[in-house]
Each structure stands twice: as C-alpha cells, then as structure tokens.
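As provided, final-v2.txt (compact mmCIF, C-alpha atoms and all ligand atoms) reads as follows.
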```txt
# COMPACT_ATOMS: atom_id res chain seq x y z
CA MET O 1 -30.89 -6.68 -24.21
CA SER O 2 -28.24 -7.01 -26.89
CA GLU O 3 -29.38 -3.70 -28.39
CA LEU O 4 -28.84 -2.14 -24.99
CA ASN O 5 -25.41 -3.76 -24.74
CA ASP O 6 -24.56 -2.34 -28.17
CA LEU O 7 -25.65 1.09 -27.01
CA TYR O 8 -23.56 0.80 -23.84
CA ARG O 9 -20.54 -0.34 -25.87
CA ASP O 10 -20.96 2.59 -28.26
CA VAL O 11 -21.03 5.06 -25.36
CA ILE O 12 -17.82 3.60 -23.91
CA LEU O 13 -16.06 3.61 -27.31
CA ASP O 14 -17.17 7.17 -28.04
CA HIS O 15 -15.94 8.52 -24.68
CA ASN O 16 -12.67 6.61 -25.00
CA ARG O 17 -11.98 7.92 -28.49
CA GLN O 18 -13.04 11.47 -27.73
CA PRO O 19 -12.73 12.00 -23.99
CA ARG O 20 -14.69 15.02 -22.78
CA ASN O 21 -12.99 17.49 -20.44
CA PHE O 22 -9.51 16.05 -21.01
CA GLY O 23 -6.70 18.31 -19.80
CA GLU O 24 -5.67 20.41 -16.82
CA ILE O 25 -7.19 23.36 -14.99
CA GLU O 26 -4.46 25.87 -14.20
CA ASN O 27 -6.06 27.42 -11.13
CA ALA O 28 -7.83 24.32 -9.86
CA ASP O 29 -9.10 24.31 -6.28
CA ARG O 30 -8.66 20.56 -5.97
CA ILE O 31 -6.14 18.25 -7.64
CA ILE O 32 -6.30 14.53 -6.92
CA GLU O 33 -4.06 11.71 -8.10
CA GLY O 34 -5.69 8.35 -8.60
CA VAL O 35 -4.02 5.04 -9.29
CA ASN O 36 -5.26 1.59 -10.17
CA PRO O 37 -2.67 -0.66 -8.53
CA LEU O 38 -3.72 -3.66 -10.58
CA CYS O 39 -2.30 -2.14 -13.75
CA GLY O 40 -0.40 0.95 -12.53
CA ASP O 41 -2.54 3.31 -14.61
CA ARG O 42 -2.90 6.80 -13.20
CA MET O 43 -5.25 9.72 -13.62
CA THR O 44 -5.24 13.22 -12.24
CA LEU O 45 -8.48 15.03 -11.55
CA TYR O 46 -8.75 18.83 -11.48
CA ILE O 47 -11.75 20.66 -10.04
CA LYS O 48 -12.57 24.36 -10.00
CA LEU O 49 -15.29 25.26 -7.51
CA ASP O 50 -17.62 28.24 -7.41
CA GLY O 51 -19.09 28.11 -3.92
CA ASP O 52 -20.67 24.68 -3.68
CA GLN O 53 -20.87 24.22 -7.42
CA ILE O 54 -18.41 22.42 -9.69
CA GLU O 55 -17.59 25.17 -12.16
CA ASP O 56 -15.10 23.13 -14.13
CA VAL O 57 -13.67 19.62 -13.97
CA ARG O 58 -10.98 18.02 -16.11
CA PHE O 59 -8.80 14.96 -16.05
CA LYS O 60 -5.52 13.71 -17.46
CA GLY O 61 -3.84 10.38 -17.45
CA THR O 62 -3.43 7.03 -19.05
CA GLY O 63 -5.69 4.06 -18.74
CA CYS O 64 -7.77 1.50 -20.50
CA ALA O 65 -10.89 2.32 -22.49
CA ILE O 66 -13.13 1.73 -19.47
CA SER O 67 -11.18 4.06 -17.19
CA VAL O 68 -10.92 6.84 -19.80
CA ALA O 69 -14.61 6.53 -20.68
CA SER O 70 -15.60 6.49 -17.02
CA SER O 71 -13.54 9.64 -16.32
CA SER O 72 -15.02 11.34 -19.36
CA LEU O 73 -18.59 10.39 -18.47
CA MET O 74 -18.07 11.44 -14.86
CA THR O 75 -16.72 14.90 -15.77
CA GLU O 76 -19.50 15.44 -18.30
CA ARG O 77 -22.14 14.57 -15.72
CA VAL O 78 -20.89 16.50 -12.69
CA LYS O 79 -19.75 19.70 -14.41
CA GLY O 80 -22.16 22.41 -13.22
CA SER O 81 -23.56 20.21 -10.42
CA THR O 82 -23.40 20.94 -6.73
CA VAL O 83 -20.97 19.13 -4.46
CA GLU O 84 -23.89 17.52 -2.62
CA ASP O 85 -25.53 16.21 -5.80
CA SER O 86 -22.19 14.92 -7.08
CA LEU O 87 -21.50 13.00 -3.86
CA ALA O 88 -25.00 11.51 -4.04
CA LEU O 89 -24.25 10.50 -7.63
CA PHE O 90 -21.00 8.86 -6.47
CA GLU O 91 -23.03 6.63 -4.12
CA LYS O 92 -25.42 5.62 -6.93
CA VAL O 93 -22.62 4.83 -9.37
CA HIS O 94 -20.64 2.95 -6.74
CA ARG O 95 -23.69 0.83 -5.98
CA MET O 96 -24.24 0.16 -9.67
CA LEU O 97 -20.60 -0.92 -10.10
CA THR O 98 -20.34 -3.11 -7.04
CA GLU O 99 -23.77 -4.47 -6.09
CA ALA O 100 -26.03 -6.78 -8.01
CA GLY O 101 -29.60 -5.79 -8.64
CA THR O 102 -29.54 -2.18 -9.84
CA ASP O 103 -33.04 -1.95 -11.28
CA GLU O 104 -34.32 -0.23 -14.42
CA ALA O 105 -35.49 2.86 -12.52
CA GLU O 106 -32.05 3.38 -10.97
CA LEU O 107 -30.33 2.84 -14.33
CA SER O 108 -32.59 5.38 -16.01
CA VAL O 109 -31.67 8.00 -13.38
CA LEU O 110 -28.02 7.32 -14.20
CA GLY O 111 -28.63 7.86 -17.93
CA LYS O 112 -25.46 7.44 -19.99
CA LEU O 113 -23.55 6.36 -16.87
CA ALA O 114 -25.49 3.09 -17.04
CA ALA O 115 -23.11 2.19 -19.86
CA LEU O 116 -20.61 1.34 -17.09
CA SER O 117 -22.96 -1.18 -15.47
CA GLY O 118 -21.60 -4.11 -17.49
CA VAL O 119 -18.27 -4.06 -15.63
CA ARG O 120 -19.91 -5.42 -12.49
CA GLU O 121 -19.34 -8.94 -13.80
CA TYR O 122 -15.57 -8.36 -13.99
CA PRO O 123 -13.95 -7.41 -10.66
CA SER O 124 -10.74 -6.12 -12.23
CA ARG O 125 -12.74 -3.85 -14.53
CA VAL O 126 -14.71 -2.47 -11.59
CA LYS O 127 -11.47 -0.84 -10.44
CA CYS O 128 -10.97 0.69 -13.88
CA ALA O 129 -14.47 2.17 -13.87
CA SER O 130 -14.42 3.35 -10.26
CA LEU O 131 -11.03 5.12 -10.26
CA ALA O 132 -12.40 8.46 -11.49
CA TRP O 133 -15.31 8.29 -9.06
CA HIS O 134 -13.10 7.67 -6.03
CA ALA O 135 -10.96 10.62 -7.13
CA LEU O 136 -14.12 12.74 -7.38
CA LYS O 137 -15.23 11.79 -3.88
CA SER O 138 -11.80 12.50 -2.40
CA ALA O 139 -11.69 15.89 -4.15
CA LEU O 140 -15.14 16.92 -2.99
CA THR O 141 -14.77 15.76 0.59
CA ALA O 142 -11.62 17.87 0.76
CA THR O 143 -9.43 15.05 1.96
CA ASN O 144 -7.31 15.74 -1.12
CA GLU O 145 -5.69 12.37 -0.51
CA PRO O 146 -4.37 10.41 -3.46
CA VAL O 147 -6.75 7.56 -4.14
CA SER O 148 -6.13 3.97 -4.99
CA THR O 149 -8.77 1.52 -6.03
CA GLU O 150 -7.08 -1.17 -3.93
FE1 LIG D 1 -5.55 0.13 -16.08
FE2 LIG D 1 -8.11 -0.27 -16.58
S1 LIG D 1 -6.44 -1.59 -17.06
S2 LIG D 1 -7.23 1.39 -15.53
```

Could you render the structure from this file as structure tokens?
Ligand code: FES
Amino acid sequence: MSELNDLYRDVILDHNRQPRNFGEIENADRIIEGVNPLCGDRMTLYIKLDGDQIEDVRFKGTGCAISVASSSLMTERVKGSTVEDSLALFEKVHRMLTEAGTDEAELSVLGKLAALSGVREYPSRVKCASLAWHALKSALTATNEPVSTE
C-alpha cells in the first residue's frame, strides 16, 4: 500500500509542478469561477465545446498543491470527452472523494485520478480536490454559476 501511496503522491507533485492545460481559452464557450471559501483560493475554468464534445479545457488560478493537481488531472482526463461522459466521471470522482469504500475496480476505472483518493480522510482537503470538479459540472450543465465548495 505504501508503494501505491508513493505513486499517488508522485502524481500529485508532478501535476502541481507542471500543471497541464494551464491558461485561458480566448473564445471559450463556458467560463466558470470557483472558490474554496475555507482558504479563499480561486480558479477559473474555460471550456471550448464542439457539439457535445469538450474540444479544449483550461484553467487558471491559485491554490494548494491538491487543488492545482486536481484541476490539472481533471482537464487532462476530460479533454476530448463528451459532456455526458464527463458528467458521469464527475459523479465517480465525487463519490471517491466523499464516500468511504471505493473499491479497487472503481479506482482502476479512475486511473490517475485515484491519486486524489487519499484526501477523503481530510475534510478540508476534500474541498481543495473537488473545486475543479464542481466547476466542471457547473460549466457542463450550463448553469454557468460561480461555484463554491461550501
Ligand atoms: Fe486553498 Fe486547497 S488550501 S484550495
């Protein structure tokens, strides 16, 4: 298990140091502001759609290593996916972050995203990890409402 924890930690560190898809999209179809009220950190999510497919997705903002890594991992995973698949992924990740008992099979479907599973033990870190995902859901359900993890 400690090898797995090392692997998870390496994924988080890598995505924090070199966030994928960091920046803005000039002609984005959806722009969502997200805030974690516990710390005041903010992120902005930009999505460019092509029909029901996420053609491009980027993010900007400041946050802790967990929130930056989670945003980076999220954008990497959903870029090129359909809206429907991305919303289904939101549900899986949300369950992993908030409910005990995600089994091996579920974690293997999540792949690299399983690196975020360790935050479940720390309620304040759950908000860090879930910020990007709530922003994604808001963007894709077209509410375009700013999101807060509170
Ligand atoms: Fe601010 Fe994690 S401490 S997002």

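In terms of minimum interatomic distance to Lys48 of chain O, O:Ile25 ranks closest within O:Ala65, O:Ile25, O:Ile32, O:Leu140, counting all atoms listed in the file.
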
Next item on the list: Would you mind telling me which residue in O:Val35, O:Val83, O:Val57, O:Ile47 lies nearest to Ala129 of chain O when using all atoms listed in the file?
Entry: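 Distance minimum relative to Ala129 of chain O lands on O:Val35.
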
If you count only C-alpha atoms, the residue of O:Arg42, O:Arg20, O:Lys112, O:Arg95 closest to Thr75 of chain O turns out to be O:Arg20

If you count all atoms listed in the file, the residue of O:Met43, O:Ala28, O:Val68, O:Val93 closest to Leu107 of chain O turns out to be O:Val93

message = Which residues are near ligand LIG 1 (chain D) - at most 6 Å, using all atoms listed in the file? Format: as an NGL selection string.
response = :O and (36 or 39 or 41 or 63-64 or 67 or 128)

**Study point:** Point-to-point distance from atom CA of Glu91 of chain O to atom CA of Gly40 of chain O, Å rounded to tenths
**Key:**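 That distance, rounded to one decimal, is 24.8 Å.
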
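Here the question is which of O:Arg9, O:Leu73, O:Leu38, O:Leu4 gets nearest to Asn21 of chain O using only C-alpha atoms, and that residue is O:Leu73.
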
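The smallest atom-to-atom distance between Ala115 of chain O and any of O:Ser148, O:Thr44, O:Ser130, O:Asn5, using all atoms listed in the file, is found for O:Asn5.
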
Original post:
Which polymer residues have any atom within 9 Å of an atom of Ser72 of chain O, counting only C-alpha atoms, with same-chain residues fewer than 2 positions away left out, as an NGL selection string?
Top reply: :O and (15-16 or 18-22 or 58-59 or 67-70 or 74-77 or 132)

- Task: Work out how far atom CA of Leu110 of chain O is from atom CA of Tyr8 of chain O, in Å to one decimal.
- Result: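 Taking atom CA of Tyr8 of chain O as the start and atom CA of Leu110 of chain O as the end point, the length is 12.5 Å.
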
Item checked: Atom pair atom CA of Leu45 of chain O / atom CA of Lys92 of chain O: separation (Å) ->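 Distance between the two atoms: 19.9 Å.
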
Skipping near chain neighbours, those fewer than 4 positions away, what residues fall within 7 Å of Ser81 of chain O using all atoms listed in the file, listed as a PDB file with C-alpha atoms, keeping the file's coordinate frame?
```pdb
ATOM      1  CA  GLN O  53     -20.870  24.220  -7.420  1.00  0.00           C
ATOM      2  CA  ILE O  54     -18.410  22.420  -9.690  1.00  0.00           C
ATOM      3  CA  ASP O  85     -25.530  16.210  -5.800  1.00  0.00           C
ATOM      4  CA  SER O  86     -22.190  14.920  -7.080  1.00  0.00           C
TER       5      SER O  86
END
```

| message | Neighbouring residues of Trp133 of chain O were defined as those with any atom within 8 Å, considering only C-alpha atoms; residues of the same chain fewer than 2 positions away were excluded. Please report them as an MDAnalysis selection string. | response | chainID O and resid 71 74 90 94 129:131 135:137

I'd like the contact shell of Val126 of chain O - 10 Å cut-off, all atoms listed in the file, skipping same-chain residues fewer than 3 positions apart - returned as an mmCIF file with C-alpha atoms, keeping the file's coordinate frame.
```cif
data_model
loop_
_atom_site.group_PDB
_atom_site.id
_atom_site.type_symbol
_atom_site.label_atom_id
_atom_site.label_comp_id
_atom_site.auth_asym_id
_atom_site.auth_seq_id
_atom_site.Cartn_x
_atom_site.Cartn_y
_atom_site.Cartn_z
ATOM 1 C CA ILE O 66 -13.130 1.730 -19.470
ATOM 2 C CA SER O 67 -11.180 4.060 -17.190
ATOM 3 C CA HIS O 94 -20.640 2.950 -6.740
ATOM 4 C CA LEU O 97 -20.600 -0.920 -10.100
ATOM 5 C CA THR O 98 -20.340 -3.110 -7.040
ATOM 6 C CA LEU O 116 -20.610 1.340 -17.090
ATOM 7 C CA SER O 117 -22.960 -1.180 -15.470
ATOM 8 C CA GLY O 118 -21.600 -4.110 -17.490
ATOM 9 C CA VAL O 119 -18.270 -4.060 -15.630
ATOM 10 C CA ARG O 120 -19.910 -5.420 -12.490
ATOM 11 C CA GLU O 121 -19.340 -8.940 -13.800
ATOM 12 C CA TYR O 122 -15.570 -8.360 -13.990
ATOM 13 C CA PRO O 123 -13.950 -7.410 -10.660
ATOM 14 C CA ALA O 129 -14.470 2.170 -13.870
ATOM 15 C CA SER O 130 -14.420 3.350 -10.260
ATOM 16 C CA LEU O 131 -11.030 5.120 -10.260
ATOM 17 C CA THR O 149 -8.770 1.520 -6.030
#
```

Output, as lines of an AutoDock Vina configuration file, the centre and edge lengths in Å (one decimal) of the axis-aligned box that contains all listed atoms of segment 121-129 of chain O with 4 Å of margin on each side.
```
center_x = -15.0
center_y = -3.4
center_z = -12.5
size_x = 16.6
size_y = 19.1
size_z = 12.1
```
